[in-house]
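Here's the structure we're looking at; comments come further down.
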Amino acid sequence: MKTIQIKGVSKVYGQTKALDKVDITIESNRIYGLLGRNGAGKTTLLNLVTNRIFPTEGEILIDGETVFENDRVLGNIFYMTEQNLYPEDERVRNIYKWTKEFYPSFDMEYAKDLSERFGLDTKKRVKNLSTGYASIFKAIAALASNADIVLYDEPVLGLDANHRDMFYKELISNYSENPKTIIISTHLIEEVAPVIEEAIIIKEGKLILKRSVEELLSEAYIVSGEASKVDEYIQGRKCIGIDSIGSFKSATVLEAMNNKDEALAEKLELEFGKAELQKLFISLTN
Amino acid sequence: MNNIYKVIKYQIHDFWKAVLIFYLIIILIASAITVTVSVNGENISFGGLEMATVIFLFVAGLNCFKSNFKFMLANNVSRKGFYIGNTIALVAVSAFMALVDAVLNVILNNVLVSNIPYESVVMQLYGNNSFFAGFLWRFGLNTWAVCFGWFVTMLYYRCNTIMKIVVSFLPVLAFIIYQHVDRILGGLADRAVIDFLTRAMGFAYNNNVYIGALSLITGSAVIALICLLPLRNAVAKG
Amino acid sequence: MLIDFNSEKPIYLQLAEAIEDNILKGIFEEETQIVSTTEISVKYKINPATAGKGVNVLVDEGILYKKRGLGMFVSTGAKEKILEKRRNSFYKEYVQSLLEEAAKLNISKEDIVKMIVGGNGIEDNSDKGSK
């Protein structure tokens, strides 16, 4: 079982506190979404978990062992970074070969198969890959790694819609067949919402929320209909987002779904709908 | 510590092609020179091919770090693992090239016709052509060069732009200050330095190659240890 | 099988219903295997746990059962179970809302009966099959 414990971790750069006393427990065999605005500290957190940088205070443990300079424990984690750390002159297929050296469970056949399906020419050198294909190649390495813990930092950056679709499908398929611990750090909240089980939201270096998506979404709902009628309904209720087109309005209400006033909605001819995780996220991180 | 072995493997994979090409060129040059000399039949002596090895290794040391370290980080190798693996790889390459050079020395001295006198650096400095002594000394110099190259690249890696400029000027500045100090001391500093070098390199002790080799090896170890400092907190850059 | 991500109804419940629909339609026959949770989760790009939850709802109701090492199978009598379940909620889900809507539009109960028997003046649609 591979669990990650982030205990009281802070990271300070000069005058800036990139992370402030973050406490998170990541349980095994789950897909987590690490969500936050630009500069919130998501990448810093992932870098700390993988010994790329060191915490100013606190510690990070995997199954009780510290990650600090710990080759054994680190060998169980694969980290797909936004940054390119791969040698520019090396060919993709050689990088797969070396990845297999360091990650013995790396599935070379699967990597080759994925490369073909994504249209990635493995003879190409890293420096000659487009932005999209640079992401694809790193994503394939992560998918084929078969590590117990796989971290993805903005995995679909630069990918076209078809490739994004393929990526999520592969991720889900691989996860379903071989359960592992996955953390996806991304801006594309709506896209990733049905895929993740728990959302971890970071704001300005602090952890503000770690909840299952299902729970989160059960605490809000959308009410929509004619603008003035919607206004009447939301009177006295906490409203975290409004969209209107002409006289049609839809409002995201922050209230348990179970508490919605069906009778009132019927009277006002309003409809209910599921809240968007993104709207919740925006209201939480503004 | 399985990872150390993998790091060694990767580092050597990175070097070996360059080493191969290097020796092909050396052999080409050596052949070209011997042909020229035997054709002209003049009393020219040539030698010191192993200095090329030293320069090659210094450059290898300069290149062993940046891209390789980042790739090791990408594969979640610890800095400790990288350090040990890299050190072993560098020492191995130094030893290998020292061996090849020693063999080349024998070939150039004996296999070729005797009117083409080849004098290795070791021969020129110590007048000693023993295979083992020569190998050891070359190994010392090689290791020293490669570690120094590594040290320089690590220094630059850890420096930001301003620091890089400062560090680049430092040796020049140090030298100027040294000259000044030396003048004030009436040549005492110069004599102290020369004295130290003569002793360390074994010239003072009846041209003892072994002492020279030992000093060089010790010097390399010191530099390699110094390299540990900037590595401990190094992060992926650029 | 279509899933509406914006519907209030949780995805896993929609899935359970969709599987039931397929059983009723005969797409998943009794004592045969249904599509795996992996396939479901991949097709809809949802977390496998969600797919699993939907399937488990039906397992709890005895509509599906798990064969070790093979996957999920449709139980014998599943069709009947589903039909009964739906018959029981038919009134609440369809008739009640029908009556409410009709009341809004001032359509009398007699008119409704006429529509059911003879259609809205157009051809009789009552043999188009149930949903």
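Every chain in the structure tokens takes a letter, A first, then B, and so on in the order presented; its residues are numbered from 1, and the ligands are numbered from 1 following the presented order.
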
Per residue of chain A within 6 Å of chain B, which atom pair is closest and at what distance in Å (one decimal), using only C-alpha atoms, listed by chain and increasing number, as a tab-separated table?
residue	atom	partner	partner_atom	distance
A:Glu69	CA	B:Ser78	CA	4.9
A:Asp71	CA	B:Ser78	CA	5.7
A:Leu74	CA	B:Asn76	CA	5.7
A:Leu85	CA	B:Lys70	CA	5.2
A:Tyr86	CA	B:Phe71	CA	5.3
A:Pro87	CA	B:Ser67	CA	5.9

I need the residues from that last selection saved to file as a compact mmCIF listing (two decimals), in the first residue's frame (with C-alpha atoms), if you can.
# COMPACT_ATOMS: atom_id res chain seq x y z
CA GLU A 69 17.20 11.30 -0.66
CA ASP A 71 16.09 6.04 -3.66
CA LEU A 74 11.32 7.32 -4.77
CA LEU A 85 14.07 17.34 -17.76
CA TYR A 86 14.80 14.92 -20.56
CA PRO A 87 18.00 15.26 -22.62

Would you give me, as CSV, each residue of chain A having an atom within 9 Å of an atom of chain C, along with its shortest atom pair and that distance in Å to one decimal, using only C-alpha atoms and sorting by chain and residue number?
residue,atom,partner,partner_atom,distance
A:Arg30,CA,C:Ala49,CA,8.9
A:Ile31,CA,C:Asn47,CA,8.0
A:Asp165,CA,C:Lys45,CA,8.2
A:Tyr168,CA,C:Lys45,CA,6.5
A:Lys169,CA,C:Val42,CA,4.9
A:Glu170,CA,C:Val42,CA,7.5
A:Leu171,CA,C:Val42,CA,8.6
A:Ile172,CA,C:Val42,CA,5.8
A:Ser173,CA,C:Val42,CA,5.8
A:Asn174,CA,C:Thr38,CA,8.8
A:Tyr175,CA,C:Pro48,CA,8.1
A:Ser176,CA,C:Thr38,CA,5.6
A:Glu177,CA,C:Thr38,CA,7.2
A:Val192,CA,C:Ile46,CA,8.9
A:Ala193,CA,C:Ile46,CA,8.4
A:Pro194,CA,C:Ile46,CA,4.9
A:Val195,CA,C:Asn47,CA,4.5
A:Ile196,CA,C:Asn47,CA,6.2
A:Glu197,CA,C:Asn47,CA,6.9
A:Glu214,CA,C:Pro10,CA,8.6
A:Tyr221,CA,C:Glu8,CA,8.0
A:Ile222,CA,C:Glu8,CA,8.8
A:Met257,CA,C:Glu8,CA,8.9
A:Phe272,CA,C:Glu8,CA,6.8
A:Gly273,CA,C:Glu8,CA,4.8
A:Lys274,CA,C:Glu8,CA,4.6
A:Ala275,CA,C:Asn6,CA,7.6
A:Glu276,CA,C:Asn6,CA,8.1

Check your understanding: Counting only C-alpha atoms, what is within 6 Å of Leu270 (chain A), bar same-chain residues fewer than 3 positions away, as a ChimeraX atom specification?
Key -> /A:224-225,265

Point to revise | Close residues, region 116-121 of chain A itself excluded, 12 Å, only C-alpha atoms, min 6 positions apart in chain, as a count of residues only | key: 26

Practice item. Write out as a list in words which residues come within 12 Å of Thr32 (chain C) when counting only C-alpha atoms, dropping same-chain ones fewer than 5 positions away. Key: Ile23, Gly26, Ile27, Leu64, Tyr65, Lys66, Lys67, Leu70, Gly71, Met72, Phe73, Val74, Ser75, Thr76 and Ala78 of chain C

Review point. Out of region 86-198 of chain A, which residues get strand (DSSP E) from DSSP, as a list in words?
Key: Ile149, Val150, Leu151, Tyr152, Asp153, Thr181, Ile182, Ile183, Ile184, Ser185, Thr186 and Glu198 of chain A

Exercise for review: Please give the complete set of residues from region 2-129 of chain C that DSSP, run on the backbone, assigns to helix (DSSP H, G or I), formatted as a PyMOL selection string.
Suggested key: chain C and resi 11-25+37-44+48-60+78-104+109-118

With C-alpha atoms retained, export the selected residues as an mmCIF file, in the first residue's frame.
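And here is the file that came out, result34.cif:
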data_model
loop_
_atom_site.group_PDB
_atom_site.id
_atom_site.type_symbol
_atom_site.label_atom_id
_atom_site.label_comp_id
_atom_site.auth_asym_id
_atom_site.auth_seq_id
_atom_site.Cartn_x
_atom_site.Cartn_y
_atom_site.Cartn_z
ATOM 1 C CA ILE C 11 -23.876 9.607 -12.532
ATOM 2 C CA TYR C 12 -23.849 6.220 -10.851
ATOM 3 C CA LEU C 13 -27.643 6.140 -10.685
ATOM 4 C CA GLN C 14 -27.898 7.113 -14.328
ATOM 5 C CA LEU C 15 -25.556 4.255 -15.112
ATOM 6 C CA ALA C 16 -27.633 1.780 -13.128
ATOM 7 C CA GLU C 17 -30.732 2.873 -15.018
ATOM 8 C CA ALA C 18 -28.988 2.694 -18.354
ATOM 9 C CA ILE C 19 -27.907 -0.874 -17.632
ATOM 10 C CA GLU C 20 -31.456 -1.719 -16.609
ATOM 11 C CA ASP C 21 -32.727 -0.250 -19.880
ATOM 12 C CA ASN C 22 -30.339 -2.419 -21.801
ATOM 13 C CA ILE C 23 -31.493 -5.496 -19.910
ATOM 14 C CA LEU C 24 -35.117 -4.674 -20.717
ATOM 15 C CA LYS C 25 -34.273 -4.126 -24.353
ATOM 16 C CA THR C 37 -16.639 -1.442 -15.359
ATOM 17 C CA THR C 38 -13.359 -0.692 -17.087
ATOM 18 C CA GLU C 39 -15.116 -0.364 -20.418
ATOM 19 C CA ILE C 40 -17.869 1.734 -18.909
ATOM 20 C CA SER C 41 -15.478 4.083 -17.143
ATOM 21 C CA VAL C 42 -13.312 4.435 -20.233
ATOM 22 C CA LYS C 43 -16.266 5.092 -22.518
ATOM 23 C CA TYR C 44 -17.683 7.856 -20.376
ATOM 24 C CA PRO C 48 -13.982 3.463 -12.255
ATOM 25 C CA ALA C 49 -15.197 3.729 -8.672
ATOM 26 C CA THR C 50 -18.264 5.600 -9.936
ATOM 27 C CA ALA C 51 -18.907 2.924 -12.526
ATOM 28 C CA GLY C 52 -18.459 0.323 -9.833
ATOM 29 C CA LYS C 53 -20.944 2.084 -7.614
ATOM 30 C CA GLY C 54 -23.573 2.032 -10.320
ATOM 31 C CA VAL C 55 -23.034 -1.649 -10.923
ATOM 32 C CA ASN C 56 -23.171 -2.362 -7.193
ATOM 33 C CA VAL C 57 -26.590 -0.767 -6.923
ATOM 34 C CA LEU C 58 -27.854 -3.432 -9.290
ATOM 35 C CA VAL C 59 -25.926 -6.164 -7.518
ATOM 36 C CA ASP C 60 -27.603 -5.135 -4.259
ATOM 37 C CA ALA C 78 -33.614 -9.658 -13.744
ATOM 38 C CA LYS C 79 -35.984 -8.455 -16.428
ATOM 39 C CA GLU C 80 -38.986 -9.196 -14.271
ATOM 40 C CA LYS C 81 -37.420 -7.502 -11.287
ATOM 41 C CA ILE C 82 -36.745 -4.366 -13.292
ATOM 42 C CA LEU C 83 -40.203 -4.347 -14.824
ATOM 43 C CA GLU C 84 -41.755 -4.679 -11.416
ATOM 44 C CA LYS C 85 -39.590 -1.964 -9.964
ATOM 45 C CA ARG C 86 -40.526 0.348 -12.768
ATOM 46 C CA ARG C 87 -44.177 -0.520 -12.667
ATOM 47 C CA ASN C 88 -44.168 0.480 -9.034
ATOM 48 C CA SER C 89 -42.642 3.843 -9.757
ATOM 49 C CA PHE C 90 -44.558 4.349 -12.977
ATOM 50 C CA TYR C 91 -47.352 6.221 -11.284
ATOM 51 C CA LYS C 92 -45.007 8.563 -9.446
ATOM 52 C CA GLU C 93 -42.599 9.165 -12.311
ATOM 53 C CA TYR C 94 -44.897 9.408 -15.263
ATOM 54 C CA VAL C 95 -48.556 9.595 -14.363
ATOM 55 C CA GLN C 96 -48.214 12.124 -11.599
ATOM 56 C CA SER C 97 -46.168 14.553 -13.704
ATOM 57 C CA LEU C 98 -48.527 13.957 -16.604
ATOM 58 C CA LEU C 99 -51.466 14.990 -14.468
ATOM 59 C CA GLU C 100 -49.615 18.033 -13.150
ATOM 60 C CA GLU C 101 -48.626 19.209 -16.595
ATOM 61 C CA ALA C 102 -52.108 18.581 -17.925
ATOM 62 C CA ALA C 103 -53.565 20.645 -15.095
ATOM 63 C CA LYS C 104 -51.242 23.533 -16.033
ATOM 64 C CA LYS C 109 -58.783 13.917 -17.499
ATOM 65 C CA GLU C 110 -61.305 12.911 -20.161
ATOM 66 C CA ASP C 111 -59.104 14.534 -22.815
ATOM 67 C CA ILE C 112 -56.140 12.625 -21.508
ATOM 68 C CA VAL C 113 -58.029 9.352 -21.797
ATOM 69 C CA LYS C 114 -59.079 10.269 -25.344
ATOM 70 C CA MET C 115 -55.443 10.942 -26.214
ATOM 71 C CA ILE C 116 -54.332 7.676 -24.741
ATOM 72 C CA VAL C 117 -56.919 5.751 -26.700
ATOM 73 C CA GLY C 118 -56.942 7.607 -29.969
#
